[in-house]
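Asker: Pasting protein.pdb below, which is PDB, C-alpha atoms, pLDDT in the B column.
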```pdb
MODEL        1
ATOM      1  CA  MET A  13      56.351  29.456 -26.170  1.00 70.00           C
ATOM      2  CA  ASN A  14      57.553  28.079 -29.473  1.00 83.00           C
ATOM      3  CA  THR A  15      59.842  25.240 -28.422  1.00 89.00           C
ATOM      4  CA  LEU A  16      59.652  22.176 -26.258  1.00 94.00           C
ATOM      5  CA  THR A  17      62.534  23.580 -24.224  1.00 95.00           C
ATOM      6  CA  GLU A  18      60.383  26.532 -23.158  1.00 95.00           C
ATOM      7  CA  ILE A  19      57.560  24.212 -22.109  1.00 96.00           C
ATOM      8  CA  TYR A  20      60.069  22.049 -20.234  1.00 97.00           C
ATOM      9  CA  GLU A  21      61.359  25.117 -18.367  1.00 96.00           C
ATOM     10  CA  VAL A  22      57.818  26.018 -17.230  1.00 96.00           C
ATOM     11  CA  LEU A  23      57.125  22.468 -16.036  1.00 96.00           C
ATOM     12  CA  LYS A  24      60.463  22.346 -14.235  1.00 97.00           C
ATOM     13  CA  GLU A  25      59.776  25.709 -12.578  1.00 96.00           C
ATOM     14  CA  GLU A  26      56.382  24.438 -11.421  1.00 94.00           C
ATOM     15  CA  GLY A  27      57.895  21.217 -10.034  1.00 94.00           C
ATOM     16  CA  LEU A  28      56.165  18.935 -12.533  1.00 95.00           C
ATOM     17  CA  CYS A  29      59.430  17.500 -13.869  1.00 95.00           C
ATOM     18  CA  LEU A  30      62.990  17.540 -12.598  1.00 95.00           C
ATOM     19  CA  THR A  31      65.224  16.982 -15.624  1.00 95.00           C
ATOM     20  CA  ARG A  32      65.100  16.807 -19.417  1.00 95.00           C
ATOM     21  CA  ALA A  33      65.212  13.022 -19.069  1.00 96.00           C
ATOM     22  CA  ASP A  34      62.168  13.139 -16.783  1.00 96.00           C
ATOM     23  CA  PHE A  35      60.380  15.443 -19.264  1.00 96.00           C
ATOM     24  CA  SER A  36      61.206  13.085 -22.128  1.00 96.00           C
ATOM     25  CA  ARG A  37      59.862  10.040 -20.304  1.00 96.00           C
ATOM     26  CA  SER A  38      56.910  11.509 -18.395  1.00 96.00           C
ATOM     27  CA  TRP A  39      55.591  14.170 -20.761  1.00 97.00           C
ATOM     28  CA  LEU A  40      56.711  13.070 -24.231  1.00 96.00           C
ATOM     29  CA  GLY A  41      56.466   9.317 -23.682  1.00 96.00           C
ATOM     30  CA  ARG A  42      59.939   8.673 -25.064  1.00 96.00           C
ATOM     31  CA  SER A  43      63.381   7.586 -23.912  1.00 95.00           C
ATOM     32  CA  ALA A  44      65.364   9.628 -21.421  1.00 94.00           C
ATOM     33  CA  HIS A  45      67.581  11.130 -24.144  1.00 95.00           C
ATOM     34  CA  TYR A  46      64.787  12.144 -26.534  1.00 95.00           C
ATOM     35  CA  MET A  47      64.952  15.880 -25.753  1.00 94.00           C
ATOM     36  CA  SER A  48      68.712  15.829 -26.308  1.00 92.00           C
ATOM     37  CA  GLN A  49      68.250  14.045 -29.625  1.00 94.00           C
ATOM     38  CA  ILE A  50      65.706  16.521 -30.987  1.00 94.00           C
ATOM     39  CA  GLY A  51      67.251  19.580 -29.338  1.00 91.00           C
ATOM     40  CA  GLY A  52      63.869  20.862 -28.157  1.00 88.00           C
ATOM     41  CA  ASP A  53      62.843  21.473 -31.780  1.00 91.00           C
ATOM     42  CA  PRO A  54      59.163  20.561 -32.282  1.00 92.00           C
ATOM     43  CA  GLU A  55      59.715  19.916 -35.988  1.00 91.00           C
ATOM     44  CA  ARG A  56      62.082  17.069 -35.129  1.00 93.00           C
ATOM     45  CA  ALA A  57      59.662  15.554 -32.583  1.00 95.00           C
ATOM     46  CA  SER A  58      57.157  12.853 -33.398  1.00 95.00           C
ATOM     47  CA  LEU A  59      53.523  13.875 -33.739  1.00 95.00           C
ATOM     48  CA  THR A  60      52.628  11.256 -31.147  1.00 96.00           C
ATOM     49  CA  SER A  61      54.933  12.881 -28.575  1.00 96.00           C
ATOM     50  CA  LEU A  62      53.605  16.355 -29.332  1.00 96.00           C
ATOM     51  CA  GLN A  63      50.010  15.216 -29.018  1.00 96.00           C
ATOM     52  CA  LEU A  64      50.779  13.305 -25.819  1.00 97.00           C
ATOM     53  CA  LEU A  65      52.370  16.428 -24.326  1.00 97.00           C
ATOM     54  CA  ALA A  66      49.354  18.559 -25.243  1.00 96.00           C
ATOM     55  CA  CYS A  67      46.927  16.003 -23.763  1.00 96.00           C
ATOM     56  CA  ARG A  68      48.895  15.546 -20.548  1.00 96.00           C
ATOM     57  CA  LEU A  69      49.132  19.300 -20.048  1.00 96.00           C
ATOM     58  CA  LYS A  70      45.389  19.620 -20.639  1.00 95.00           C
ATOM     59  CA  LEU A  71      44.701  16.924 -18.024  1.00 95.00           C
ATOM     60  CA  THR A  72      47.101  18.565 -15.569  1.00 93.00           C
ATOM     61  CA  LEU A  73      45.380  21.896 -16.113  1.00 92.00           C
ATOM     62  CA  ALA A  74      41.980  20.325 -15.417  1.00 90.00           C
ATOM     63  CA  SER A  75      43.204  19.164 -12.012  1.00 89.00           C
ATOM     64  CA  LEU A  76      44.385  22.642 -10.964  1.00 86.00           C
ATOM     65  CA  CYS A  77      42.245  25.284  -9.324  1.00 81.00           C
ATOM     66  CA  PRO A  78      42.870  28.810 -10.642  1.00 81.00           C
ATOM     67  CA  SER A  79      41.806  30.430  -7.379  1.00 80.00           C
ATOM     68  CA  THR A  80      44.310  28.423  -5.282  1.00 81.00           C
ATOM     69  CA  ASN A  81      47.442  29.418  -7.186  1.00 84.00           C
ATOM     70  CA  ALA A  82      46.568  31.664 -10.101  1.00 88.00           C
ATOM     71  CA  GLU A  83      50.154  32.275 -11.247  1.00 90.00           C
ATOM     72  CA  SER A  84      50.915  28.554 -11.498  1.00 91.00           C
ATOM     73  CA  TYR A  85      47.570  27.850 -13.171  1.00 92.00           C
ATOM     74  CA  TYR A  86      48.171  30.450 -15.879  1.00 93.00           C
ATOM     75  CA  LYS A  87      51.721  29.222 -16.543  1.00 94.00           C
ATOM     76  CA  ILE A  88      50.464  25.673 -17.044  1.00 94.00           C
ATOM     77  CA  ARG A  89      47.557  26.983 -19.132  1.00 95.00           C
ATOM     78  CA  SER A  90      49.978  28.862 -21.357  1.00 95.00           C
ATOM     79  CA  ALA A  91      52.128  25.743 -21.744  1.00 96.00           C
ATOM     80  CA  ALA A  92      49.049  23.646 -22.605  1.00 96.00           C
ATOM     81  CA  LEU A  93      47.887  26.102 -25.252  1.00 95.00           C
ATOM     82  CA  SER A  94      51.406  26.345 -26.672  1.00 94.00           C
ATOM     83  CA  ALA A  95      51.744  22.556 -26.849  1.00 95.00           C
ATOM     84  CA  ALA A  96      48.416  22.243 -28.675  1.00 94.00           C
ATOM     85  CA  THR A  97      49.388  25.009 -31.109  1.00 93.00           C
ATOM     86  CA  ILE A  98      52.813  23.446 -31.701  1.00 93.00           C
ATOM     87  CA  PHE A  99      51.185  20.076 -32.425  1.00 94.00           C
ATOM     88  CA  ASN A 100      48.710  21.642 -34.871  1.00 90.00           C
ATOM     89  CA  GLY A 101      51.441  23.611 -36.626  1.00 89.00           C
ATOM     90  CA  VAL A 102      53.775  20.644 -37.032  1.00 91.00           C
ATOM     91  CA  TYR A 103      50.870  18.478 -38.201  1.00 87.00           C
ATOM     92  CA  GLU A 104      49.886  21.063 -40.802  1.00 87.00           C
ATOM     93  CA  LYS A 105      53.444  21.448 -42.042  1.00 87.00           C
ATOM     94  CA  ARG A 106      53.834  17.696 -42.494  1.00 85.00           C
ATOM     95  CA  HIS A 107      50.422  16.789 -43.888  1.00 86.00           C
ATOM     96  CA  LEU A 108      48.670  19.783 -45.469  1.00 80.00           C
ATOM     97  CA  PRO A 109      49.456  21.891 -48.518  1.00 81.00           C
ATOM     98  CA  LYS A 110      50.949  25.268 -47.655  1.00 79.00           C
ATOM     99  CA  GLN A 111      47.757  27.121 -48.708  1.00 78.00           C
ATOM    100  CA  LYS A 112      45.814  25.435 -45.896  1.00 75.00           C
ATOM    101  CA  TRP A 113      48.212  26.207 -43.033  1.00 76.00           C
ATOM    102  CA  SER A 114      46.643  28.250 -40.244  1.00 75.00           C
ATOM    103  CA  THR A 115      48.821  27.650 -37.160  1.00 71.00           C
ATOM    104  CA  CYS A 116      52.100  26.647 -38.786  1.00 61.00           C
ATOM    105  CA  ILE A 117      55.128  28.918 -38.485  1.00 62.00           C
ATOM    106  CA  ASN A 118      56.786  29.150 -41.873  1.00 57.00           C
TER     107      ASN A 118
ENDMDL
END
```
Let me see the structure of the file written as structure tokens.
Answerer:
Amino acid sequence: MNTLTEIYEVLKEEGLCLTRADFSRSWLGRSAHYMSQIGGDPERASLTSLQLLACRLKLTLASLCPSTNAESYYKIRSAALSAATIFNGVYEKRHLPKQKWSTCIN
């Protein structure tokens, strides 16, 4: 998963959000139209929203039991890892010299 749209699709499939507006408010901590404004592009998102998404996914993952519904658990786990990686990559691109990038997609 490389975009917020892909993470949104996983959360919608798992019943954790209903619409892009819900995702924007509940998971990114922004207005209902935030996803439409940024087009799902992590580079246009605020670092605060990306970090909030990664933290909320991590907390959601902690409340799930892998043995109860393994498929759902691993989808959420993948989304959580992707969100953390996206945050780190965007942070690096904005604040570190190119030689020090490790997770950023060029």
Asker: Quick one: residues within 6 Å of segment 94-106 of chain A, all atoms listed in the file, excluding same-chain residues fewer than 3 positions away - as number ranges by chain?
Answerer: A: 13, 62, 66, 91, 113, 115-116
Asker: Do you know which residues the PyMOL selection byres ((chain A and resi 46) around 10) returns on this file, as a list in words?
Answerer: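 This file gives the following for the PyMOL selection byres ((chain A and resi 46) around 10): Arg32, Ala33, Phe35, Ser36, Arg37, Leu40, Gly41, Arg42, Ser43, Ala44, His45, Met47, Ser48, Gln49, Ile50, Gly51, Gly52 and Ala57 of chain A.
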Asker: On this structure, which residues satisfy the PyMOL selection byres ((chain A and resi 22) around 12), written as an mmCIF file with C-alpha atoms, in the frame of the given file?
Answerer:
```
data_model
loop_
_atom_site.group_PDB
_atom_site.id
_atom_site.type_symbol
_atom_site.label_atom_id
_atom_site.label_comp_id
_atom_site.auth_asym_id
_atom_site.auth_seq_id
_atom_site.Cartn_x
_atom_site.Cartn_y
_atom_site.Cartn_z
ATOM 1 C CA MET A 13 56.351 29.456 -26.170
ATOM 2 C CA THR A 15 59.842 25.240 -28.422
ATOM 3 C CA LEU A 16 59.652 22.176 -26.258
ATOM 4 C CA THR A 17 62.534 23.580 -24.224
ATOM 5 C CA GLU A 18 60.383 26.532 -23.158
ATOM 6 C CA ILE A 19 57.560 24.212 -22.109
ATOM 7 C CA TYR A 20 60.069 22.049 -20.234
ATOM 8 C CA GLU A 21 61.359 25.117 -18.367
ATOM 9 C CA LEU A 23 57.125 22.468 -16.036
ATOM 10 C CA LYS A 24 60.463 22.346 -14.235
ATOM 11 C CA GLU A 25 59.776 25.709 -12.578
ATOM 12 C CA GLU A 26 56.382 24.438 -11.421
ATOM 13 C CA GLY A 27 57.895 21.217 -10.034
ATOM 14 C CA LEU A 28 56.165 18.935 -12.533
ATOM 15 C CA CYS A 29 59.430 17.500 -13.869
ATOM 16 C CA LEU A 30 62.990 17.540 -12.598
ATOM 17 C CA THR A 31 65.224 16.982 -15.624
ATOM 18 C CA ARG A 32 65.100 16.807 -19.417
ATOM 19 C CA PHE A 35 60.380 15.443 -19.264
ATOM 20 C CA LEU A 69 49.132 19.300 -20.048
ATOM 21 C CA GLU A 83 50.154 32.275 -11.247
ATOM 22 C CA SER A 84 50.915 28.554 -11.498
ATOM 23 C CA TYR A 85 47.570 27.850 -13.171
ATOM 24 C CA TYR A 86 48.171 30.450 -15.879
ATOM 25 C CA LYS A 87 51.721 29.222 -16.543
ATOM 26 C CA ILE A 88 50.464 25.673 -17.044
ATOM 27 C CA ARG A 89 47.557 26.983 -19.132
ATOM 28 C CA SER A 90 49.978 28.862 -21.357
ATOM 29 C CA ALA A 91 52.128 25.743 -21.744
ATOM 30 C CA ALA A 92 49.049 23.646 -22.605
ATOM 31 C CA SER A 94 51.406 26.345 -26.672
ATOM 32 C CA ALA A 95 51.744 22.556 -26.849
#
```
Asker: What separation in Å, quoted to one decimal, exists between atom CA of Ser79 of chain A and atom CA of Gln63 of chain A?
Answerer: 27.7 Å
